[in-house]
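This report refers to the structure that appears directly beneath it.
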Amino acid sequence: MKRALITGITGQDGSYLAEFLLSKNYKVFGLTRRTSTPNYERIKHIQDQIELIPGDLLDQQSLTSAISLSNPDEIYNLAAQSFVATSWSQPVLTGEFTALGTTRMLESMRQVKPDAKFYQASSSEMFGEVQETPQTEKTPFHPRSPYGVAKVYAHWITINYRESYDLFTVSGILFNHESPRRGLEFVTRKISHGVAKIHLGQQDSLILGNLDAKRDWGFSGDYVEAMWLMLQQSKPDDYVIATGENHSVQEFVEAAFKVVGITNWKKYVKTSKEFYRPAEVDFLIGDATKAKKALGWKPKVSFADLVKLMVEADIKLLQKNSQ
Ligand code: NAP
Ligand code: GDD
């Protein structure tokens, strides 16, 4: 039985990845940080099948212990301060978690389990102000947020450990991927949850920021398979994972309202400077040709299906919560 350690197992991707690895018969370990109340909402349905190990990206010793205890064949480093907007109000913490946290994980792996395979959660946010379209593994980076800058550091330190110590370390440059388990502060979930509330008469309006930004949005459940595939290859390499299609925030809004039969969405949507960013990433679209060829990966859930499944899941959730 293969063994995997997931950092960030309580997050969106961590929960889908844990499910996916269990379905492949892995023994799954997850790193969780101390909180005053448990935050196992996304993994409670599989909690009896996984083993949680306390630890924090800030604490080197806890990471070394987690790797020692789990003795993993594969390490998936998904933990990070992942919300771009927060990276301006907490830039140092973002650097500590998202950048240096990766070095700490790599260093612990090098000391304790150098033969493990390591996955780093790199991001299309590294492309920022895009230098070419569509973006590939070869597109130069121009990050536009402290988060993006931290991810560029983490990306390069992952490559550096591969080149310096001959470790099996890979980076998946994943474009935005969403699901009903997405945090409520991210735009897609904010919209699906807001639209569901408006539909149920629990909210009058939805306040958003820049409606013109365009993203290449996929489904998280599809993207965790790509992470796993990268670690099944004979050689470590980096891959872009994307749908190859992009849509504006406004298009997401329109599609979400359409799911509940509302066409005059403008009646409900307001914008506020509060949700604009000091520096914006206007346009992202990925070219996942390399992953398609080398990994045989392709996305399964379309944009329209993604919006529909998120809005419907939020309607169900709100109905359940109000019972
Ligand atoms: P998420 O839902 O925000 O989950 C982040 C996870 O990191 C949570 O489990 C969180 O734990 C954990 N974490 C944060 N700080 C930590 C620390 N100091 N020590 C230990 N754990 C810590 O993020 P996601 O959407 O699943 O994304 C997973 C990874 O992929 C992240 O690295 C993100 O930056 C990257 N990424 C995401 C996307 C996307 O579109 N989703 C695209 C590209 C890259 P708590 O539950 O305790 O907060
Ligand atoms: N969050 C949010 N809230 N974003 C808004 C809003 C709003 O009310 N209104 C407009 N937006 C715009 C943002 O300005 C941004 O251009 C876009 O919607 C997407 O924002 P987010 O959903 O917060 O995601 P992100 O693209 O900044 O970052 C996500 O994707 C990255 C990959 O490109 C995160 O998951 C990152 O962790 C990930 O690396």
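Convention: chains lettered A, B, ... in structure tokens order; per-chain residue numbering from 1; ligands numbered from 1 as shown.
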**Report entry** Filtered DSSP result for region 129-235 of chain A, state alpha helix (DSSP H), as an MDAnalysis selection string
**Finding:** chainID A and resid 146:165 187:199 220:231
Requested in this report: Please identify all polymer residues within 7 Å of Ser272 (chain A), counting only C-alpha atoms, omitting same-chain residues fewer than 2 positions from it, and present them as an MDAnalysis selection string.
Outcome: chainID A and resid 207:209 270 274:275
Report task. Enumerate as a list in words all residues of region 74-130 of chain A assigned to strand (DSSP E or B) by DSSP on the backbone, naming them with the chain letters and numbers the document uses. Result ->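 For region 74-130 of chain A, the strand (DSSP E or B) set is Glu74, Ile75, Tyr76, Asn77, Lys117, Phe118, Tyr119, Gln120, Ala121, Ser122 and Ser123 of chain A.
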Residues of the last selection are to be written out with C-alpha atoms, as an mmCIF file, in the first residue's frame.
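That gives us again12.cif:
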data_model
loop_
_atom_site.group_PDB
_atom_site.id
_atom_site.type_symbol
_atom_site.label_atom_id
_atom_site.label_comp_id
_atom_site.auth_asym_id
_atom_site.auth_seq_id
_atom_site.Cartn_x
_atom_site.Cartn_y
_atom_site.Cartn_z
ATOM 1 C CA GLU A 74 4.527 10.851 -1.994
ATOM 2 C CA ILE A 75 4.286 14.295 -0.388
ATOM 3 C CA TYR A 76 1.740 16.822 -1.675
ATOM 4 C CA ASN A 77 2.537 20.321 -0.439
ATOM 5 C CA LYS A 117 8.261 12.188 -4.481
ATOM 6 C CA PHE A 118 7.270 15.800 -3.818
ATOM 7 C CA TYR A 119 4.444 17.823 -5.401
ATOM 8 C CA GLN A 120 4.427 21.625 -5.086
ATOM 9 C CA ALA A 121 1.177 23.546 -5.612
ATOM 10 C CA SER A 122 2.395 26.237 -8.010
ATOM 11 C CA SER A 123 -0.058 28.713 -9.455
#
Query raised in the report: Taking only C-alpha atoms and all ligand atoms into account, which residues are within 7 Å of ligand 2, as a ChimeraX atom specification?
Result: /A:82-85,123-125,174-177,185-188,190,207-211,213-215,249,275-277,280-282
Saved selection, atoms kept: N, CA and C atoms, as a JSON list (two decimals), in the first residue's frame:
[["chain", "number", "residue", "atom", "x", "y", "z"],
["A", 82, "SER", "N", -3.54, 31.08, 0.81],
["A", 82, "SER", "CA", -3.88, 30.94, -0.62],
["A", 82, "SER", "C", -4.77, 32.05, -1.16],
["A", 83, "PHE", "N", -5.20, 32.97, -0.30],
["A", 83, "PHE", "CA", -6.11, 34.02, -0.78],
["A", 83, "PHE", "C", -5.32, 35.26, -1.19],
["A", 84, "VAL", "N", -5.37, 35.56, -2.48],
["A", 84, "VAL", "CA", -4.53, 36.62, -3.04],
["A", 84, "VAL", "C", -4.77, 37.96, -2.33],
["A", 85, "ALA", "N", -6.04, 38.32, -2.10],
["A", 85, "ALA", "CA", -6.35, 39.63, -1.49],
["A", 85, "ALA", "C", -5.68, 39.78, -0.11],
["A", 123, "SER", "N", 1.19, 28.02, -9.10],
["A", 123, "SER", "CA", -0.06, 28.71, -9.45],
["A", 123, "SER", "C", 0.08, 29.57, -10.71],
["A", 124, "SER", "N", -1.01, 29.68, -11.45],
["A", 124, "SER", "CA", -1.06, 30.58, -12.61],
["A", 124, "SER", "C", -0.94, 32.04, -12.18],
["A", 125, "GLU", "N", -1.15, 32.31, -10.90],
["A", 125, "GLU", "CA", -0.96, 33.67, -10.38],
["A", 125, "GLU", "C", 0.49, 34.12, -10.58],
["A", 174, "LEU", "N", -1.04, 25.22, -11.63],
["A", 174, "LEU", "CA", -2.48, 25.05, -11.79],
["A", 174, "LEU", "C", -3.19, 26.39, -11.94],
["A", 175, "PHE", "N", -4.04, 26.45, -12.95],
["A", 175, "PHE", "CA", -4.92, 27.60, -13.13],
["A", 175, "PHE", "C", -6.09, 27.44, -12.15],
["A", 176, "ASN", "N", -6.88, 28.51, -12.01],
["A", 176, "ASN", "CA", -7.96, 28.52, -10.99],
["A", 176, "ASN", "C", -8.82, 27.27, -11.11],
["A", 177, "HIS", "N", -9.08, 26.66, -9.96],
["A", 177, "HIS", "CA", -10.02, 25.54, -9.95],
["A", 177, "HIS", "C", -10.90, 25.62, -8.72],
["A", 185, "GLU", "N", -14.65, 33.25, 0.36],
["A", 185, "GLU", "CA", -14.09, 34.55, -0.02],
["A", 185, "GLU", "C", -13.64, 34.60, -1.48],
["A", 186, "PHE", "N", -13.45, 33.44, -2.11],
["A", 186, "PHE", "CA", -13.03, 33.43, -3.52],
["A", 186, "PHE", "C", -14.23, 33.76, -4.41],
["A", 187, "VAL", "N", -13.96, 34.39, -5.56],
["A", 187, "VAL", "CA", -15.08, 35.02, -6.29],
["A", 187, "VAL", "C", -16.14, 34.02, -6.75],
["A", 188, "THR", "N", -15.73, 32.85, -7.23],
["A", 188, "THR", "CA", -16.73, 31.90, -7.75],
["A", 188, "THR", "C", -17.70, 31.46, -6.66],
["A", 190, "LYS", "N", -18.19, 32.98, -3.79],
["A", 190, "LYS", "CA", -18.93, 34.15, -3.30],
["A", 190, "LYS", "C", -20.17, 34.35, -4.19],
["A", 207, "ILE", "N", -22.26, 42.04, -3.60],
["A", 207, "ILE", "CA", -21.29, 43.12, -3.83],
["A", 207, "ILE", "C", -19.94, 42.52, -4.23],
["A", 208, "LEU", "N", -19.51, 42.89, -5.43],
["A", 208, "LEU", "CA", -18.28, 42.33, -5.99],
["A", 208, "LEU", "C", -17.29, 43.44, -6.33],
["A", 209, "GLY", "N", -16.11, 43.02, -6.80],
["A", 209, "GLY", "CA", -15.10, 43.99, -7.24],
["A", 209, "GLY", "C", -15.06, 44.06, -8.76],
["A", 210, "ASN", "N", -13.88, 43.80, -9.33],
["A", 210, "ASN", "CA", -13.65, 43.92, -10.76],
["A", 210, "ASN", "C", -14.34, 42.80, -11.56],
["A", 211, "LEU", "N", -15.35, 43.17, -12.31],
["A", 211, "LEU", "CA", -16.12, 42.16, -13.06],
["A", 211, "LEU", "C", -15.45, 41.79, -14.39],
["A", 213, "ALA", "N", -12.15, 40.99, -14.87],
["A", 213, "ALA", "CA", -11.02, 40.05, -14.81],
["A", 213, "ALA", "C", -11.44, 38.72, -15.43],
["A", 214, "LYS", "N", -10.50, 38.11, -16.14],
["A", 214, "LYS", "CA", -10.80, 36.83, -16.80],
["A", 214, "LYS", "C", -9.93, 35.73, -16.22],
["A", 215, "ARG", "N", -10.55, 34.59, -15.97],
["A", 215, "ARG", "CA", -9.83, 33.46, -15.43],
["A", 215, "ARG", "C", -10.14, 32.20, -16.23],
["A", 249, "VAL", "N", -15.35, 37.51, -14.81],
["A", 249, "VAL", "CA", -16.15, 37.39, -13.58],
["A", 249, "VAL", "C", -17.62, 37.66, -13.93],
["A", 275, "PHE", "N", -13.41, 45.56, -2.98],
["A", 275, "PHE", "CA", -13.00, 44.25, -3.50],
["A", 275, "PHE", "C", -12.08, 44.35, -4.72],
["A", 276, "TYR", "N", -11.64, 45.58, -5.02],
["A", 276, "TYR", "CA", -10.62, 45.73, -6.07],
["A", 276, "TYR", "C", -9.24, 45.50, -5.45],
["A", 277, "ARG", "N", -8.29, 45.11, -6.27],
["A", 277, "ARG", "CA", -6.93, 44.82, -5.78],
["A", 277, "ARG", "C", -5.95, 45.92, -6.16],
["A", 280, "GLU", "N", -3.93, 44.19, -10.33],
["A", 280, "GLU", "CA", -4.85, 43.12, -10.77],
["A", 280, "GLU", "C", -4.16, 42.19, -11.77],
["A", 281, "VAL", "N", -4.61, 40.96, -11.78],
["A", 281, "VAL", "CA", -4.26, 40.02, -12.84],
["A", 281, "VAL", "C", -5.49, 40.00, -13.76],
["A", 282, "ASP", "N", -5.35, 40.60, -14.93],
["A", 282, "ASP", "CA", -6.53, 40.83, -15.77],
["A", 282, "ASP", "C", -6.99, 39.62, -16.55]]
Can I get the residues of chain A within 7 Å of ligand 1, each with the closest pair of atoms and their distance in Å to one decimal, using only C-alpha atoms and all ligand atoms, sorted chain first then ascending number, as CSV?
residue,atom,partner,partner_atom_place_in_ligand_line,distance
A:Thr7,CA,ligand 1,21 (N),6.1
A:Gly8,CA,ligand 1,9 (O),3.2
A:Ile9,CA,ligand 1,9 (O),4.9
A:Thr10,CA,ligand 1,9 (O),3.8
A:Gly11,CA,ligand 1,4 (O),3.4
A:Gln12,CA,ligand 1,26 (O),3.7
A:Asp13,CA,ligand 1,26 (O),3.7
A:Gly14,CA,ligand 1,26 (O),5.7
A:Leu31,CA,ligand 1,20 (C),6.6
A:Thr32,CA,ligand 1,20 (C),5.9
A:Arg33,CA,ligand 1,20 (C),5.1
A:Thr35,CA,ligand 1,47 (O),7.0
A:Asn39,CA,ligand 1,46 (O),6.1
A:Gly55,CA,ligand 1,20 (C),6.3
A:Asp56,CA,ligand 1,19 (N),3.6
A:Leu57,CA,ligand 1,19 (N),4.0
A:Leu58,CA,ligand 1,18 (N),5.6
A:Leu78,CA,ligand 1,29 (C),4.1
A:Ala79,CA,ligand 1,7 (O),3.2
A:Ala80,CA,ligand 1,32 (O),4.4
A:Gln81,CA,ligand 1,14 (C),5.0
A:Ser82,CA,ligand 1,34 (O),4.0
A:Phe83,CA,ligand 1,3 (O),6.6
A:Phe97,CA,ligand 1,18 (N),5.2
A:Thr98,CA,ligand 1,32 (O),6.9
A:Ala121,CA,ligand 1,30 (O),4.6
A:Ser122,CA,ligand 1,44 (C),5.2
A:Ser123,CA,ligand 1,43 (C),3.8
A:Ser124,CA,ligand 1,43 (C),6.1
A:Ile173,CA,ligand 1,43 (C),6.6
A:Leu174,CA,ligand 1,43 (C),4.4
A:Phe175,CA,ligand 1,42 (C),5.1
A:Asn176,CA,ligand 1,40 (O),3.3
A:His177,CA,ligand 1,40 (O),4.0
A:Glu178,CA,ligand 1,41 (N),6.1
A:Arg182,CA,ligand 1,2 (O),6.2
A:Gly183,CA,ligand 1,2 (O),6.0
A:Ser220,CA,ligand 1,41 (N),7.0
Requested in this report: Skip Glu51 (chain A) itself and residues of its chain fewer than 3 positions away, then list as a PyMOL selection string all residues within 10 Å of it, counting only C-alpha atoms.
Outcome: chain A and resi 5+27-31+46-48+70
Query - Nearby residues (only C-alpha atoms) at most 8 Å from His193 (chain A), same-chain spacing under 6 positions excluded, as a PyMOL selection string - result: chain A and resi 184+311+314-315
Query - Long-range neighbours of region 244-247 of chain A as a VMD selection string, 10 Å cut-off, only C-alpha atoms, 2 positions minimum in chain - result: chain A and resid 134 to 135 175 212 to 218 241 to 242 249 to 252 283 to 289 299 302 to 303
Could you save the residues just selected, with C-alpha atoms, as a PDB file, in the first residue's frame?
ATOM      1  CA  PRO A 134      -1.862  31.347 -23.707  1.00  0.00           C
ATOM      2  CA  GLN A 135       0.509  30.661 -20.826  1.00  0.00           C
ATOM      3  CA  PHE A 175      -4.918  27.602 -13.127  1.00  0.00           C
ATOM      4  CA  ASP A 212     -13.797  42.347 -16.088  1.00  0.00           C
ATOM      5  CA  ALA A 213     -11.024  40.051 -14.809  1.00  0.00           C
ATOM      6  CA  LYS A 214     -10.800  36.827 -16.804  1.00  0.00           C
ATOM      7  CA  ARG A 215      -9.826  33.455 -15.426  1.00  0.00           C
ATOM      8  CA  ASP A 216      -9.344  29.936 -16.765  1.00  0.00           C
ATOM      9  CA  TRP A 217     -11.655  28.123 -14.346  1.00  0.00           C
ATOM     10  CA  GLY A 218     -11.721  24.337 -13.919  1.00  0.00           C
ATOM     11  CA  ILE A 241      -2.932  22.394 -15.745  1.00  0.00           C
ATOM     12  CA  ALA A 242      -5.792  24.401 -17.265  1.00  0.00           C
ATOM     13  CA  VAL A 249     -16.153  37.394 -13.583  1.00  0.00           C
ATOM     14  CA  GLN A 250     -19.223  38.963 -15.203  1.00  0.00           C
ATOM     15  CA  GLU A 251     -19.770  35.856 -17.330  1.00  0.00           C
ATOM     16  CA  PHE A 252     -19.613  33.745 -14.173  1.00  0.00           C
ATOM     17  CA  PHE A 283      -6.362  37.814 -17.989  1.00  0.00           C
ATOM     18  CA  LEU A 284      -5.261  34.221 -17.533  1.00  0.00           C
ATOM     19  CA  ILE A 285      -5.605  31.346 -19.973  1.00  0.00           C
ATOM     20  CA  GLY A 286      -3.511  28.200 -19.835  1.00  0.00           C
ATOM     21  CA  ASP A 287      -2.196  25.797 -22.449  1.00  0.00           C
ATOM     22  CA  ALA A 288      -2.111  22.295 -20.936  1.00  0.00           C
ATOM     23  CA  THR A 289      -0.832  20.557 -24.090  1.00  0.00           C
ATOM     24  CA  PRO A 299     -10.428  18.350 -17.714  1.00  0.00           C
ATOM     25  CA  SER A 302     -17.078  22.326 -18.400  1.00  0.00           C
ATOM     26  CA  PHE A 303     -17.494  25.967 -17.326  1.00  0.00           C
TER      27      PHE A 303
END
Report summary line: A straight line from CA of Asn321 (chain A) to CA of Phe20 (chain A) spans 27.4 Å
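Considering the residues A:Met126, A:Ile157, A:Ile6, A:Ile191 and counting only C-alpha atoms, Pro54 (chain A) has its shortest atom-to-atom contact with A:Ile6.
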Requested in this report: Would you kindly return, as a PyMOL selection string, each protein, DNA or RNA residue with an atom no farther than 12 Å from any atom of Arg162 (chain A), considering only C-alpha atoms and excluding same-chain residues fewer than 3 positions away?
Outcome: chain A and resi 106-107+109-110+114-120+155-159+165-171+235-238
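For the pair CA of Gly201 (chain A) and CA of Lys273 (chain A), the separation is 25.8 Å.
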Within 7 Å of Asp222 (chain A) using only C-alpha atoms, minus same-chain residues under 3 positions, as a compact mmCIF listing (two decimals) with N, CA and C atoms, in the first residue's frame:
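For reference, part-v2.txt as written:
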# COMPACT_ATOMS: atom_id res chain seq x y z
N PHE A 219 -12.47 22.51 -12.54
CA PHE A 219 -13.06 21.87 -11.36
C PHE A 219 -11.95 21.20 -10.54
N GLU A 225 -6.36 14.95 -9.81
CA GLU A 225 -5.87 13.78 -10.56
C GLU A 225 -4.56 14.12 -11.27
N PRO A 299 -9.34 18.01 -18.63
CA PRO A 299 -10.43 18.35 -17.71
C PRO A 299 -11.74 17.72 -18.17
N LYS A 300 -12.59 17.39 -17.20
CA LYS A 300 -13.86 16.73 -17.56
C LYS A 300 -15.06 17.67 -17.38
Report summary line: Restricting to only C-alpha atoms, whichever of A:Ser179, A:Thr64, A:Ser205, A:Ser87 is closest to Val301 (chain A) is A:Ser179
Report task. Please indicate the distance in Å from CA of Gly296 (chain A) to CA of Lys24 (chain A), rounded to one decimal place. Result ->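 Separation of CA of Gly296 (chain A) and CA of Lys24 (chain A): 17.4 Å.
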Query raised in the report: Between A:Val240, A:His45, A:Thr103, A:Leu206, which has the minimum distance to Thr139 (chain A) (counting only C-alpha atoms)?
Result: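 Comparing A:Val240, A:His45, A:Thr103, A:Leu206 against Thr139 (chain A), the winner is A:Val240.
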Query - Using only C-alpha atoms: which of A:Val112, A:Ile50, A:Val92, A:Val224 has the shortest distance to Leu63 (chain A) - result: A:Val112
